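Before any comments, here is the structure.
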Amino acid sequence: MDPVAEIKWNPYTPGYFANPYPHLKECRENNPVHRGAQNGWTIFRYKEVSEILRNPDLLVSNLSEYFKSKESVIFKNYSGCPHLAAGTSHWPMYLNGEIHKRVRVAMTKAMSRPDLDEIIRNASQETVQKFEGLTKFDLTEFCAEFIKRVICVLFNIPISTNLAKLEHYSNHLARSQDIFVSKQEYLAINEAFEWGKGIFSRNDYMDMIRESLADLNLNEEQLYSIFAISVMAAFETSKDNLSLSFLELLKNPPLYEDIERMSKTELNGFIDELFRYSSPLQFTVRVNEQPLEIGGVQIESGSKIYLSLASANRDEEIFENPDSILPYRKSNPHLAFGGGVHRCLGAQIAKRELQIALKPMASLFQNYELVADPVWSRQIFMRTVKKVQIRQKSGN
Amino acid sequence: MRTKLAEESGLKIEEISPDESFEEMNLDSLALVSLAYDLEQVTEMEINPTAFTEYDTINKLTEWIRSQK
């Protein structure tokens, strides 16, 4: 028996959280379609991942229903209010059909503001000003501060809101979607939902959502769930992409020179390359109602299919030198934002954040260096770096 | 550990054998992950949920934990 052919996806492979790519590569090359953890089918090649994303017959799973089915177990000896099912009820990435379309359109409309550039520019300037005098700081805190300033304006959250609490909120909501989450963690996530109600208030964004969805007669819990996903989605992946990207710049100083001399168009290409390389959303999930053949394998109906976006983005069949950041990469059909009807609705905002902030922030980080190895979160679906200590280079 | 397993599986503590595989105790993935979390607190070690599949009885698991300390 060939041991390599038997490779199964295992996110607890030593070193995975620090760098999942070697293990993903092994899976992609030796067992690109197989049943892995939690009895889900895992797909690693770009070809099959993009095929499935574009297949209109495939559905997303229902996170809220999952929580409904587990609530009696999770909240067995708990005296508080259960928020997991209610708090996730209208997250668009877990809705199918008409309701998905309605929520998605409402959120897209409410997020498009004519003053977005100004909001991002102010947030960027204020954050750089806040940190530039410091001899040492945590890169992840810098990135979180920047995105916090953007979302506080977008969603009318008081700027005085404690950054650590906001990060905790966003991170716990993100984690609710992951696999291998314990009951104890679910309870902490539940507390986070409770906390979030304190920052949920009337604001322009929610007013537009209410207006767009008026005929659906959503109750306050359901509207809160839309607020919750808006905050989490806007905060978490942007912060993660920024942290992961700047970490690479710090490890790879020659990239600063490229950034400095790039035109706007070249910069846009570089930004896409950073998304491909960092892939903060490492996996997305689909469910097949009918039997499906993919990569020569038969998948029975009702299966959970885990698409490794991160692996697809490193597929050498599509991307030359996939494990390097090529700042002038020409062809870049990356899947960091997914694809199909559920393609990330915040993609334009995420790109805009970098288009405005990358140059000034890169200028700042040129004067800094890594102090220690980064500390990684033990998260599987959404990759987060927890701590990146940096300090001013000597001689500055 | 037998207490926690009893809680999770609904079996009585006396019914749990140290050589019985966790699979036979009808523990779903959520139960196993939660047990791993509890074990982490008690042992002050990093315990991955996959440990329950790799060391699939109480005896195998405790042996492994001892060897890591």
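Chains: A, B, ... in order of the structure tokens. Residues: from 1 per chain. Ligands: from 1, in order shown.
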List every residue of chain A that has an atom at most 8 Å from any atom of chain B, giving for each one its closest atom pair and the distance in Å to one decimal, counting only C-alpha atoms, sorted by chain and then by ascending residue number, as CSV.
residue,atom,partner,partner_atom,distance
A:Tyr12,CA,B:Asn48,CA,6.7
A:Gln38,CA,B:Ser29,CA,7.2
A:Phe180,CA,B:Val33,CA,5.9
A:Val181,CA,B:Val33,CA,6.4
A:Ser182,CA,B:Ser34,CA,4.3
A:Lys183,CA,B:Ser34,CA,5.5
A:Gln184,CA,B:Ser34,CA,6.7
Dump N, CA and C atoms for the selected residues as a PDB file, in the first residue's frame?
ATOM      1  N   TYR A  12      -4.613  19.205  11.920  1.00  0.00           N
ATOM      2  CA  TYR A  12      -3.769  19.120  13.112  1.00  0.00           C
ATOM      3  C   TYR A  12      -2.410  18.515  12.794  1.00  0.00           C
ATOM      4  N   GLN A  38     -14.343  15.157   9.665  1.00  0.00           N
ATOM      5  CA  GLN A  38     -15.789  15.361   9.830  1.00  0.00           C
ATOM      6  C   GLN A  38     -16.591  14.785   8.675  1.00  0.00           C
ATOM      7  N   PHE A 180     -14.429  21.587  14.236  1.00  0.00           N
ATOM      8  CA  PHE A 180     -13.725  21.271  15.480  1.00  0.00           C
ATOM      9  C   PHE A 180     -13.869  22.388  16.516  1.00  0.00           C
ATOM     10  N   VAL A 181     -15.093  22.821  16.715  1.00  0.00           N
ATOM     11  CA  VAL A 181     -15.358  23.828  17.738  1.00  0.00           C
ATOM     12  C   VAL A 181     -16.042  23.134  18.917  1.00  0.00           C
ATOM     13  N   SER A 182     -15.509  23.353  20.126  1.00  0.00           N
ATOM     14  CA  SER A 182     -16.035  22.658  21.305  1.00  0.00           C
ATOM     15  C   SER A 182     -17.267  23.382  21.849  1.00  0.00           C
ATOM     16  N   LYS A 183     -17.999  22.693  22.721  1.00  0.00           N
ATOM     17  CA  LYS A 183     -19.157  23.303  23.375  1.00  0.00           C
ATOM     18  C   LYS A 183     -18.720  24.513  24.192  1.00  0.00           C
ATOM     19  N   GLN A 184     -17.555  24.368  24.839  1.00  0.00           N
ATOM     20  CA  GLN A 184     -17.048  25.465  25.664  1.00  0.00           C
ATOM     21  C   GLN A 184     -16.817  26.714  24.814  1.00  0.00           C
TER      22      GLN A 184
END
Exercise for review: For region 17-20 of chain A, work out the shell of residues within 12 Å, counting only C-alpha atoms and skipping chain neighbours fewer than 2 positions away, then give it as an MDAnalysis selection string.
Suggested key: chainID A and resid 9:15 22:27 244 277:280 282:283 308 310:311 314 323 373:387
Residue set, chain B restricted to alpha helix (DSSP H), as JSON, numbers by chain
{"B": [2, 3, 4, 5, 6, 7, 8, 9, 29, 30, 31, 32, 33, 34, 35, 36, 37, 38, 39, 40, 41, 42, 43, 51, 52, 53, 54, 58, 59, 60, 61, 62, 63, 64, 65, 66, 67, 68]}
Selection: 12 Å around Ile16 (chain B), only C-alpha atoms, excl. self and same-chain fewer than 6 positions, as a ChimeraX atom specification
/B:1-10,22,24-26,57-59
Output N, CA and C atoms for every residue in that selection, as a compact mmCIF listing (two decimals), in the first residue's frame.
# COMPACT_ATOMS: atom_id res chain seq x y z
N MET B 1 -11.55 11.38 33.63
CA MET B 1 -11.97 11.29 32.25
C MET B 1 -13.24 10.45 32.12
N ARG B 2 -13.36 9.40 32.95
CA ARG B 2 -14.55 8.57 32.85
C ARG B 2 -15.80 9.36 33.19
N THR B 3 -15.67 10.30 34.13
CA THR B 3 -16.82 11.15 34.49
C THR B 3 -17.28 11.95 33.29
N LYS B 4 -16.32 12.59 32.60
CA LYS B 4 -16.64 13.42 31.45
C LYS B 4 -17.23 12.57 30.33
N LEU B 5 -16.64 11.40 30.12
CA LEU B 5 -17.13 10.51 29.08
C LEU B 5 -18.56 10.06 29.38
N ALA B 6 -18.79 9.79 30.67
CA ALA B 6 -20.14 9.39 31.07
C ALA B 6 -21.12 10.52 30.75
N GLU B 7 -20.72 11.74 31.09
CA GLU B 7 -21.55 12.91 30.80
C GLU B 7 -21.88 13.02 29.34
N GLU B 8 -20.83 12.90 28.51
CA GLU B 8 -21.00 13.10 27.07
C GLU B 8 -21.77 11.97 26.41
N SER B 9 -21.50 10.74 26.83
CA SER B 9 -22.07 9.61 26.11
C SER B 9 -23.40 9.15 26.67
N GLY B 10 -23.69 9.58 27.90
CA GLY B 10 -24.94 9.12 28.52
C GLY B 10 -24.79 7.76 29.16
N PHE B 22 -13.58 4.86 21.86
CA PHE B 22 -14.48 6.01 21.98
C PHE B 22 -15.59 5.92 20.95
N GLU B 24 -17.14 3.33 20.02
CA GLU B 24 -18.21 2.46 20.52
C GLU B 24 -19.09 3.16 21.55
N MET B 25 -18.59 4.29 22.08
CA MET B 25 -19.37 5.00 23.09
C MET B 25 -20.36 5.98 22.47
N ASN B 26 -20.43 5.97 21.14
CA ASN B 26 -21.43 6.81 20.48
C ASN B 26 -21.25 8.30 20.78
N THR B 57 -8.75 4.68 23.03
CA THR B 57 -9.34 4.19 24.28
C THR B 57 -8.77 5.03 25.41
N ILE B 58 -9.39 4.94 26.58
CA ILE B 58 -8.91 5.72 27.74
C ILE B 58 -7.46 5.36 28.03
N ASN B 59 -7.16 4.07 27.99
CA ASN B 59 -5.80 3.62 28.29
C ASN B 59 -4.78 4.16 27.29
Exercise for review: Pick out the residues sitting within 9 Å of Ile318 (chain A), and hand them over as a ChimeraX atom specification; count only C-alpha atoms, and ignore anything fewer than 5 positions along from it in its own chain.
Suggested key: /A:46-47,312-313,331-333
| said: Which residues are close to Gly302 (chain A), i.e. within 12 Å by only C-alpha atoms, leaving aside same-chain residues fewer than 5 positions away? Reply as number ranges by chain. | reply: A: 39-41, 58-61, 286-292
Output file for the residues above (C-alpha atoms, as an mmCIF file, in the first residue's frame):
data_model
loop_
_atom_site.group_PDB
_atom_site.id
_atom_site.type_symbol
_atom_site.label_atom_id
_atom_site.label_comp_id
_atom_site.auth_asym_id
_atom_site.auth_seq_id
_atom_site.Cartn_x
_atom_site.Cartn_y
_atom_site.Cartn_z
ATOM 1 C CA ASN A 39 -16.755 13.106 6.939
ATOM 2 C CA GLY A 40 -16.710 16.008 4.505
ATOM 3 C CA TRP A 41 -15.346 15.689 0.980
ATOM 4 C CA LEU A 58 -24.850 23.337 -5.365
ATOM 5 C CA LEU A 59 -26.167 24.847 -2.182
ATOM 6 C CA VAL A 60 -24.613 26.322 0.913
ATOM 7 C CA SER A 61 -25.124 24.603 4.250
ATOM 8 C CA ARG A 286 -21.113 23.467 -0.438
ATOM 9 C CA VAL A 287 -23.780 20.769 -0.281
ATOM 10 C CA ASN A 288 -24.970 18.726 -3.264
ATOM 11 C CA GLU A 289 -28.627 17.826 -3.528
ATOM 12 C CA GLN A 290 -27.946 15.414 -6.399
ATOM 13 C CA PRO A 291 -25.125 12.884 -6.795
ATOM 14 C CA LEU A 292 -22.092 14.619 -8.206
#
* Asked: Can you tell me, as an MDAnalysis selection string, what residues are no more than 8 Å from region 266-274 of chain A when counting only C-alpha atoms, ignoring any on the same chain fewer than 2 positions away?
  -> chainID A and resid 241 245 259 262:264 276:278 325:330 332 334 351 354:355
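Between CA of Asn190 (chain A) and CA of Ser176 (chain A) the separation is 9.1 Å.
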